[in-house]
>>> print(open('target_4.pdb').read())   # PDB, C-alpha atoms
ATOM      1  CA  MET A 811       1.043  -9.555 -12.391  1.00  0.00           C
ATOM      2  CA  THR A 812       1.334 -13.190 -13.134  1.00  0.00           C
ATOM      3  CA  ALA A 813       4.352 -14.613 -14.928  1.00  0.00           C
ATOM      4  CA  LEU A 814       2.186 -15.502 -17.930  1.00  0.00           C
ATOM      5  CA  VAL A 815       0.955 -11.923 -18.304  1.00  0.00           C
ATOM      6  CA  MET A 816       4.481 -10.550 -17.917  1.00  0.00           C
ATOM      7  CA  ASP A 817       5.806 -13.006 -20.498  1.00  0.00           C
ATOM      8  CA  SER A 818       3.080 -11.874 -22.894  1.00  0.00           C
ATOM      9  CA  VAL A 819       3.947  -8.216 -22.347  1.00  0.00           C
ATOM     10  CA  PHE A 820       7.656  -8.896 -22.846  1.00  0.00           C
ATOM     11  CA  SER A 821       6.957 -10.912 -26.019  1.00  0.00           C
ATOM     12  CA  TRP A 822       4.754  -8.132 -27.344  1.00  0.00           C
ATOM     13  CA  LEU A 823       7.535  -5.581 -26.655  1.00  0.00           C
ATOM     14  CA  GLU A 824      10.180  -7.758 -28.298  1.00  0.00           C
ATOM     15  CA  ASP A 825       7.995  -8.262 -31.387  1.00  0.00           C
ATOM     16  CA  SER A 826       7.169  -4.561 -31.771  1.00  0.00           C
ATOM     17  CA  TRP A 827       8.301  -2.479 -34.716  1.00  0.00           C
ATOM     18  CA  PHE A 828      10.435  -0.449 -32.325  1.00  0.00           C
ATOM     19  CA  ALA A 829      12.333  -3.505 -31.055  1.00  0.00           C
ATOM     20  CA  GLU A 830      12.879  -4.612 -34.645  1.00  0.00           C
ATOM     21  CA  ALA A 831      14.207  -1.153 -35.531  1.00  0.00           C
ATOM     22  CA  VAL A 832      16.654  -1.171 -32.611  1.00  0.00           C
ATOM     23  CA  ARG A 833      17.828  -4.694 -33.425  1.00  0.00           C
ATOM     24  CA  GLY A 834      17.977  -4.114 -37.164  1.00  0.00           C
ATOM     25  CA  THR A 835      19.691  -0.741 -37.344  1.00  0.00           C
ATOM     26  CA  ALA A 836      23.457  -0.935 -37.477  1.00  0.00           C
ATOM     27  CA  TYR A 837      25.169   0.747 -34.525  1.00  0.00           C
ATOM     28  CA  LEU A 838      21.902   1.964 -32.969  1.00  0.00           C
ATOM     29  CA  TYR A 839      22.262  -0.129 -29.804  1.00  0.00           C
ATOM     30  CA  PRO A 840      25.839   1.033 -29.064  1.00  0.00           C
ATOM     31  CA  VAL A 841      24.773   4.628 -29.731  1.00  0.00           C
ATOM     32  CA  LEU A 842      21.872   4.181 -27.289  1.00  0.00           C
ATOM     33  CA  GLU A 843      24.305   2.759 -24.703  1.00  0.00           C
ATOM     34  CA  SER A 844      26.645   5.718 -25.143  1.00  0.00           C
ATOM     35  CA  VAL A 845      23.862   8.280 -24.850  1.00  0.00           C
ATOM     36  CA  HIS A 846      22.528   6.342 -21.835  1.00  0.00           C
ATOM     37  CA  ILE A 847      25.889   6.733 -20.099  1.00  0.00           C
ATOM     38  CA  ILE A 848      25.883  10.459 -20.847  1.00  0.00           C
ATOM     39  CA  GLY A 849      22.378  10.664 -19.367  1.00  0.00           C
ATOM     40  CA  ILE A 850      23.521   8.796 -16.260  1.00  0.00           C
ATOM     41  CA  ALA A 851      26.444  11.195 -15.867  1.00  0.00           C
ATOM     42  CA  LEU A 852      24.125  14.202 -16.206  1.00  0.00           C
ATOM     43  CA  LEU A 853      21.730  12.651 -13.712  1.00  0.00           C
ATOM     44  CA  ILE A 854      24.094  11.408 -11.039  1.00  0.00           C
ATOM     45  CA  GLY A 855      26.905  13.958 -11.222  1.00  0.00           C
ATOM     46  CA  PRO A 856      24.844  17.068 -10.439  1.00  0.00           C
ATOM     47  CA  ALA A 857      22.596  15.152  -8.020  1.00  0.00           C
ATOM     48  CA  ALA A 858      25.658  13.935  -6.114  1.00  0.00           C
ATOM     49  CA  ALA A 859      27.064  17.477  -5.976  1.00  0.00           C
ATOM     50  CA  PHE A 860      23.731  18.698  -4.564  1.00  0.00           C
ATOM     51  CA  ASP A 861      23.625  15.814  -2.076  1.00  0.00           C
ATOM     52  CA  LEU A 862      27.155  16.612  -0.922  1.00  0.00           C
ATOM     53  CA  ARG A 863      26.086  20.250  -0.405  1.00  0.00           C
ATOM     54  CA  LEU A 864      23.208  19.020   1.743  1.00  0.00           C
ATOM     55  CA  LEU A 865      25.660  16.918   3.746  1.00  0.00           C
ATOM     56  CA  GLY A 866      27.756  20.014   4.380  1.00  0.00           C
ATOM     57  CA  LEU A 867      30.772  18.901   2.382  1.00  0.00           C
ATOM     58  CA  GLY A 868      32.616  21.574   0.475  1.00  0.00           C
ATOM     59  CA  ALA A 869      32.049  25.291   0.733  1.00  0.00           C
ATOM     60  CA  ARG A 870      28.876  26.466   2.427  1.00  0.00           C
ATOM     61  CA  THR A 871      29.094  29.740   0.569  1.00  0.00           C
ATOM     62  CA  LEU A 872      26.587  28.508  -2.002  1.00  0.00           C
ATOM     63  CA  ARG A 873      22.939  28.638  -0.984  1.00  0.00           C
ATOM     64  CA  VAL A 874      21.050  25.338  -1.138  1.00  0.00           C
ATOM     65  CA  THR A 875      18.445  26.979  -3.373  1.00  0.00           C
ATOM     66  CA  THR A 876      21.131  28.201  -5.780  1.00  0.00           C
ATOM     67  CA  ALA A 877      22.718  24.755  -5.900  1.00  0.00           C
ATOM     68  CA  ALA A 878      19.294  23.184  -6.461  1.00  0.00           C
ATOM     69  CA  TYR A 879      18.429  25.617  -9.245  1.00  0.00           C
ATOM     70  CA  HIS A 880      21.587  24.941 -11.241  1.00  0.00           C
ATOM     71  CA  LEU A 881      22.353  21.311 -10.414  1.00  0.00           C
ATOM     72  CA  LEU A 882      18.921  19.695 -10.300  1.00  0.00           C
ATOM     73  CA  ARG A 883      17.942  21.079 -13.706  1.00  0.00           C
ATOM     74  CA  LEU A 884      20.850  19.128 -15.192  1.00  0.00           C
ATOM     75  CA  SER A 885      19.814  16.057 -13.218  1.00  0.00           C
ATOM     76  CA  HIS A 886      16.294  16.270 -14.626  1.00  0.00           C
ATOM     77  CA  LEU A 887      17.691  16.423 -18.156  1.00  0.00           C
ATOM     78  CA  GLY A 888      19.964  13.474 -17.392  1.00  0.00           C
ATOM     79  CA  PHE A 889      17.053  11.466 -16.014  1.00  0.00           C
ATOM     80  CA  VAL A 890      15.004  12.011 -19.174  1.00  0.00           C
ATOM     81  CA  ILE A 891      17.926  10.993 -21.386  1.00  0.00           C
ATOM     82  CA  ALA A 892      18.724   7.921 -19.253  1.00  0.00           C
ATOM     83  CA  ALA A 893      15.069   6.869 -19.018  1.00  0.00           C
ATOM     84  CA  VAL A 894      14.357   7.187 -22.749  1.00  0.00           C
ATOM     85  CA  THR A 895      17.534   5.379 -23.794  1.00  0.00           C
ATOM     86  CA  GLY A 896      17.084   2.781 -21.041  1.00  0.00           C
ATOM     87  CA  VAL A 897      13.606   1.904 -22.266  1.00  0.00           C
ATOM     88  CA  ALA A 898      14.859   1.848 -25.856  1.00  0.00           C
ATOM     89  CA  MET A 899      17.556  -0.672 -24.884  1.00  0.00           C
ATOM     90  CA  PHE A 900      15.149  -2.737 -22.750  1.00  0.00           C
ATOM     91  CA  VAL A 901      12.444  -3.284 -25.378  1.00  0.00           C
ATOM     92  CA  PRO A 902      14.394  -5.510 -27.834  1.00  0.00           C
ATOM     93  CA  GLY A 903      15.365  -7.980 -25.091  1.00  0.00           C
ATOM     94  CA  ALA A 904      12.665  -7.369 -22.499  1.00  0.00           C
ATOM     95  CA  GLY A 905      12.156 -11.004 -21.480  1.00  0.00           C
ATOM     96  CA  LEU A 906      15.845 -11.780 -21.145  1.00  0.00           C
ATOM     97  CA  ILE A 907      16.662  -8.562 -19.290  1.00  0.00           C
ATOM     98  CA  ALA A 908      13.702  -8.964 -16.918  1.00  0.00           C
ATOM     99  CA  GLU A 909      15.015 -12.408 -15.924  1.00  0.00           C
ATOM    100  CA  ARG A 910      18.384 -11.010 -14.864  1.00  0.00           C
ATOM    101  CA  GLY A 911      18.994 -11.102 -11.140  1.00  0.00           C
ATOM    102  CA  SER A 912      19.885  -7.433 -10.957  1.00  0.00           C
ATOM    103  CA  ALA A 913      16.782  -6.221 -12.857  1.00  0.00           C
ATOM    104  CA  PRO A 914      14.467  -6.050  -9.821  1.00  0.00           C
ATOM    105  CA  TRP A 915      17.221  -4.339  -7.860  1.00  0.00           C
ATOM    106  CA  LYS A 916      17.667  -1.690 -10.528  1.00  0.00           C
ATOM    107  CA  LEU A 917      13.934  -1.029 -10.799  1.00  0.00           C
ATOM    108  CA  GLY A 918      13.463  -1.062  -7.034  1.00  0.00           C
ATOM    109  CA  LEU A 919      16.319   1.365  -6.462  1.00  0.00           C
ATOM    110  CA  ILE A 920      14.973   3.697  -9.163  1.00  0.00           C
ATOM    111  CA  LEU A 921      11.609   3.658  -7.375  1.00  0.00           C
ATOM    112  CA  LEU A 922      13.337   4.299  -4.023  1.00  0.00           C
ATOM    113  CA  ALA A 923      15.275   7.215  -5.514  1.00  0.00           C
ATOM    114  CA  GLY A 924      12.072   8.639  -6.996  1.00  0.00           C
ATOM    115  CA  LEU A 925      10.194   8.301  -3.713  1.00  0.00           C
ATOM    116  CA  ASN A 926      13.092   9.961  -1.902  1.00  0.00           C
ATOM    117  CA  ILE A 927      12.996  12.881  -4.347  1.00  0.00           C
ATOM    118  CA  LEU A 928       9.229  13.217  -3.945  1.00  0.00           C
ATOM    119  CA  ILE A 929       9.383  13.232  -0.136  1.00  0.00           C
ATOM    120  CA  PHE A 930      12.337  15.622  -0.088  1.00  0.00           C
ATOM    121  CA  HIS A 931      10.707  18.184  -2.388  1.00  0.00           C
ATOM    122  CA  ARG A 932       7.190  17.868  -0.948  1.00  0.00           C
ATOM    123  CA  ARG A 933       8.270  18.060   2.702  1.00  0.00           C
ATOM    124  CA  THR A 934      11.846  18.923   3.619  1.00  0.00           C
ATOM    125  CA  TYR A 935      12.614  21.403   0.841  1.00  0.00           C
ATOM    126  CA  ARG A 936       9.406  23.373   1.463  1.00  0.00           C
ATOM    127  CA  ASN A 937      11.013  25.170   4.408  1.00  0.00           C
ATOM    128  CA  VAL A 938      14.437  25.575   2.774  1.00  0.00           C
ATOM    129  CA  ALA A 939      14.328  29.326   3.486  1.00  0.00           C
ATOM    130  CA  ASP A 940      14.849  28.477   7.168  1.00  0.00           C
ATOM    131  CA  TRP A 941      18.119  26.632   6.489  1.00  0.00           C
ATOM    132  CA  ASP A 942      19.221  27.810   3.055  1.00  0.00           C
ATOM    133  CA  MET A 943      22.502  29.366   4.140  1.00  0.00           C
ATOM    134  CA  GLU A 944      23.127  30.157   7.782  1.00  0.00           C
ATOM    135  CA  GLN A 945      21.521  27.229   9.588  1.00  0.00           C
ATOM    136  CA  PRO A 946      22.745  23.636   9.602  1.00  0.00           C
ATOM    137  CA  THR A 947      21.060  21.344   7.117  1.00  0.00           C
ATOM    138  CA  PRO A 948      18.188  19.504   8.848  1.00  0.00           C
ATOM    139  CA  VAL A 949      18.555  15.792   9.557  1.00  0.00           C
ATOM    140  CA  ALA A 950      15.751  14.979   7.088  1.00  0.00           C
ATOM    141  CA  ALA A 951      17.641  16.726   4.267  1.00  0.00           C
ATOM    142  CA  ARG A 952      20.900  14.964   5.163  1.00  0.00           C
ATOM    143  CA  LEU A 953      19.090  11.626   5.283  1.00  0.00           C
ATOM    144  CA  ALA A 954      17.566  12.337   1.860  1.00  0.00           C
ATOM    145  CA  ALA A 955      21.075  13.063   0.547  1.00  0.00           C
ATOM    146  CA  VAL A 956      22.407   9.748   1.876  1.00  0.00           C
ATOM    147  CA  VAL A 957      19.454   7.833   0.398  1.00  0.00           C
ATOM    148  CA  SER A 958      19.967   9.630  -2.923  1.00  0.00           C
ATOM    149  CA  LEU A 959      23.688   8.906  -3.097  1.00  0.00           C
ATOM    150  CA  THR A 960      23.146   5.288  -2.099  1.00  0.00           C
ATOM    151  CA  SER A 961      20.175   4.558  -4.341  1.00  0.00           C
ATOM    152  CA  TRP A 962      21.615   6.162  -7.498  1.00  0.00           C
ATOM    153  CA  SER A 963      24.923   4.373  -6.925  1.00  0.00           C
ATOM    154  CA  GLY A 964      22.978   1.133  -6.558  1.00  0.00           C
ATOM    155  CA  VAL A 965      21.026   1.803  -9.750  1.00  0.00           C
ATOM    156  CA  THR A 966      24.302   2.254 -11.612  1.00  0.00           C
ATOM    157  CA  ILE A 967      25.802  -0.934 -10.203  1.00  0.00           C
ATOM    158  CA  ALA A 968      22.650  -2.973 -10.844  1.00  0.00           C
ATOM    159  CA  GLY A 969      22.506  -1.582 -14.383  1.00  0.00           C
ATOM    160  CA  ARG A 970      26.031  -2.744 -15.116  1.00  0.00           C
ATOM    161  CA  LEU A 971      25.264  -6.142 -13.585  1.00  0.00           C
ATOM    162  CA  LEU A 972      22.405  -6.625 -16.065  1.00  0.00           C
ATOM    163  CA  ALA A 973      25.037  -7.783 -18.543  1.00  0.00           C
ATOM    164  CA  TYR A 974      26.435 -10.390 -16.143  1.00  0.00           C
ATOM    165  CA  THR A 975      23.675 -11.779 -13.885  1.00  0.00           C
TER     166      THR A 975
END
>>> encode(input="target_4.pdb", output="structure tokens")
Amino acid sequence: MTALVMDSVFSWLEDSWFAEAVRGTAYLYPVLESVHIIGIALLIGPAAAFDLRLLGLGARTLRVTTAAYHLLRLSHLGFVIAAVTGVAMFVPGAGLIAERGSAPWKLGLILLAGLNILIFHRRTYRNVADWDMEQPTPVAARLAAVVSLTSWSGVTIAGRLLAYT
């Protein structure tokens, strides 16, 4: 998209009733920030634990499928919370936030993390029964774990840098 179109979209977002409500409601923005951090913790904590299981760290007494069932459900909840609150915090200052140097990094790393999840679940995880417990974790699954840990850490760092870049 051209810069003019993006500027128009950002202006439209900033002038919306929703942006006005976020800006005009006492303590709403800090509450959104707090809930956003809780969402990030619910997203990254369980995902990191699952990634570490894929990397073979910790006890191998827990099946990969069991870990996925319990941990990734929490991560999905965390993602929804973080995404909703992130958008709610973005809208009131869309133009300013989009100009920050870390904004494209944050968005790009979120897209990388999402693509990694898609590839992992559509390809590598399909044959998890072959390596769920007794066999070593395949290289593709370990690579997905490294990409996940790296990209979500980068998203967190870039998100914090939005306030400073």
>>> residues_around(input="target_4.pdb", residues="stretch 944-950 of chain A", least_positions_apart="6", cutoff="8 Å", atoms="all atoms listed in the file", output="list in words")
Leu864, Leu865, Gly866, Phe930 and Thr934 of chain A
>>> closest_residue(input="target_4.pdb", among="A:Ile850, A:Ala898, A:Leu842, A:Ile927", to="A:Ser826", atoms="all atoms listed in the file")
A:Ala898
>>> residues_around(input="target_4.pdb", residues="A:Asp817", least_positions_apart="4", cutoff="8 Å", atoms="all atoms listed in the file", output="PDB file with C-alpha atoms, keeping the file's coordinate frame")
ATOM      1  CA  ALA A 813       4.352 -14.613 -14.928  1.00  0.00           C
ATOM      2  CA  SER A 821       6.957 -10.912 -26.019  1.00  0.00           C
ATOM      3  CA  GLY A 905      12.156 -11.004 -21.480  1.00  0.00           C
TER       4      GLY A 905
END
>>> residues_around(input="target_4.pdb", residues="A:Val874", least_positions_apart="3", cutoff="7 Å", atoms="only C-alpha atoms", output="MDAnalysis selection string")
chainID A and resid 877:878 942:943
>>> resolve_selection(input="target_4.pdb", expression="the PyMOL selection byres ((chain A and resi 897) around 12)", output="JSON list (two decimals) with C-alpha atoms, in the frame of the given file")
[["chain", "number", "residue", "atom", "x", "y", "z"],
["A", 823, "LEU", "CA", 7.54, -5.58, -26.66],
["A", 824, "GLU", "CA", 10.18, -7.76, -28.30],
["A", 828, "PHE", "CA", 10.44, -0.45, -32.33],
["A", 829, "ALA", "CA", 12.33, -3.50, -31.06],
["A", 832, "VAL", "CA", 16.65, -1.17, -32.61],
["A", 839, "TYR", "CA", 22.26, -0.13, -29.80],
["A", 842, "LEU", "CA", 21.87, 4.18, -27.29],
["A", 843, "GLU", "CA", 24.30, 2.76, -24.70],
["A", 846, "HIS", "CA", 22.53, 6.34, -21.84],
["A", 889, "PHE", "CA", 17.05, 11.47, -16.01],
["A", 890, "VAL", "CA", 15.00, 12.01, -19.17],
["A", 891, "ILE", "CA", 17.93, 10.99, -21.39],
["A", 892, "ALA", "CA", 18.72, 7.92, -19.25],
["A", 893, "ALA", "CA", 15.07, 6.87, -19.02],
["A", 894, "VAL", "CA", 14.36, 7.19, -22.75],
["A", 895, "THR", "CA", 17.53, 5.38, -23.79],
["A", 896, "GLY", "CA", 17.08, 2.78, -21.04],
["A", 898, "ALA", "CA", 14.86, 1.85, -25.86],
["A", 899, "MET", "CA", 17.56, -0.67, -24.88],
["A", 900, "PHE", "CA", 15.15, -2.74, -22.75],
["A", 901, "VAL", "CA", 12.44, -3.28, -25.38],
["A", 902, "PRO", "CA", 14.39, -5.51, -27.83],
["A", 903, "GLY", "CA", 15.36, -7.98, -25.09],
["A", 904, "ALA", "CA", 12.66, -7.37, -22.50],
["A", 907, "ILE", "CA", 16.66, -8.56, -19.29],
["A", 917, "LEU", "CA", 13.93, -1.03, -10.80]]
>>> atom_distance(input="target_4.pdb", atom1="atom CA of A:Leu814", atom2="atom CA of A:Ala913")
18.0 Å
>>> resolve_selection(input="target_4.pdb", expression="the PyMOL selection byres ((chain A and resi 971) around 12)", output="NGL selection string")
:A and (907 or 910-916 or 964-970 or 972-975)
>>> write_last_selection(input="target_4.pdb", atoms="C-alpha atoms", output="mmCIF file, keeping the file's coordinate frame")
data_model
loop_
_atom_site.group_PDB
_atom_site.id
_atom_site.type_symbol
_atom_site.label_atom_id
_atom_site.label_comp_id
_atom_site.auth_asym_id
_atom_site.auth_seq_id
_atom_site.Cartn_x
_atom_site.Cartn_y
_atom_site.Cartn_z
ATOM 1 C CA ILE A 907 16.662 -8.562 -19.290
ATOM 2 C CA ARG A 910 18.384 -11.010 -14.864
ATOM 3 C CA GLY A 911 18.994 -11.102 -11.140
ATOM 4 C CA SER A 912 19.885 -7.433 -10.957
ATOM 5 C CA ALA A 913 16.782 -6.221 -12.857
ATOM 6 C CA PRO A 914 14.467 -6.050 -9.821
ATOM 7 C CA TRP A 915 17.221 -4.339 -7.860
ATOM 8 C CA LYS A 916 17.667 -1.690 -10.528
ATOM 9 C CA GLY A 964 22.978 1.133 -6.558
ATOM 10 C CA VAL A 965 21.026 1.803 -9.750
ATOM 11 C CA THR A 966 24.302 2.254 -11.612
ATOM 12 C CA ILE A 967 25.802 -0.934 -10.203
ATOM 13 C CA ALA A 968 22.650 -2.973 -10.844
ATOM 14 C CA GLY A 969 22.506 -1.582 -14.383
ATOM 15 C CA ARG A 970 26.031 -2.744 -15.116
ATOM 16 C CA LEU A 972 22.405 -6.625 -16.065
ATOM 17 C CA ALA A 973 25.037 -7.783 -18.543
ATOM 18 C CA TYR A 974 26.435 -10.390 -16.143
ATOM 19 C CA THR A 975 23.675 -11.779 -13.885
#
>>> closest_residue(input="target_4.pdb", among="A:Arg863, A:Leu853, A:Leu925, A:Ile920", to="A:Thr876", atoms="all atoms listed in the file")
A:Arg863
>>> atom_distance(input="target_4.pdb", atom1="atom CA of A:Leu959", atom2="atom CA of A:Phe860")
9.9 Å
>>> atom_distance(input="target_4.pdb", atom1="atom CA of A:Leu922", atom2="atom CA of A:Thr960")
10.0 Å
>>> closest_residue(input="target_4.pdb", among="A:Val956, A:Met816, A:Ile929, A:Ala859", to="A:Leu906", atoms="only C-alpha atoms")
A:Met816
>>> closest_residue(input="target_4.pdb", among="A:Asn926, A:Gly888, A:Val841, A:Val938", to="A:Ser958", atoms="only C-alpha atoms")
A:Asn926
>>> axis_aligned_box(input="target_4.pdb", around="stretch 908-921 of chain A", padding_each_side="5 Å", output="lines of an AutoDock Vina configuration file")
center_x = 15.7
center_y = -4.4
center_z = -11.7
size_x = 18.3
size_y = 26.1
size_z = 20.5
>>> residues_around(input="target_4.pdb", residues="A:Ser885", least_positions_apart="6", cutoff="8 Å", atoms="all atoms listed in the file", output="count of residues only")
6
>>> closest_residue(input="target_4.pdb", among="A:Ala951, A:Val957, A:Ala939, A:Ala923", to="A:Thr875", atoms="only C-alpha atoms")
A:Ala939
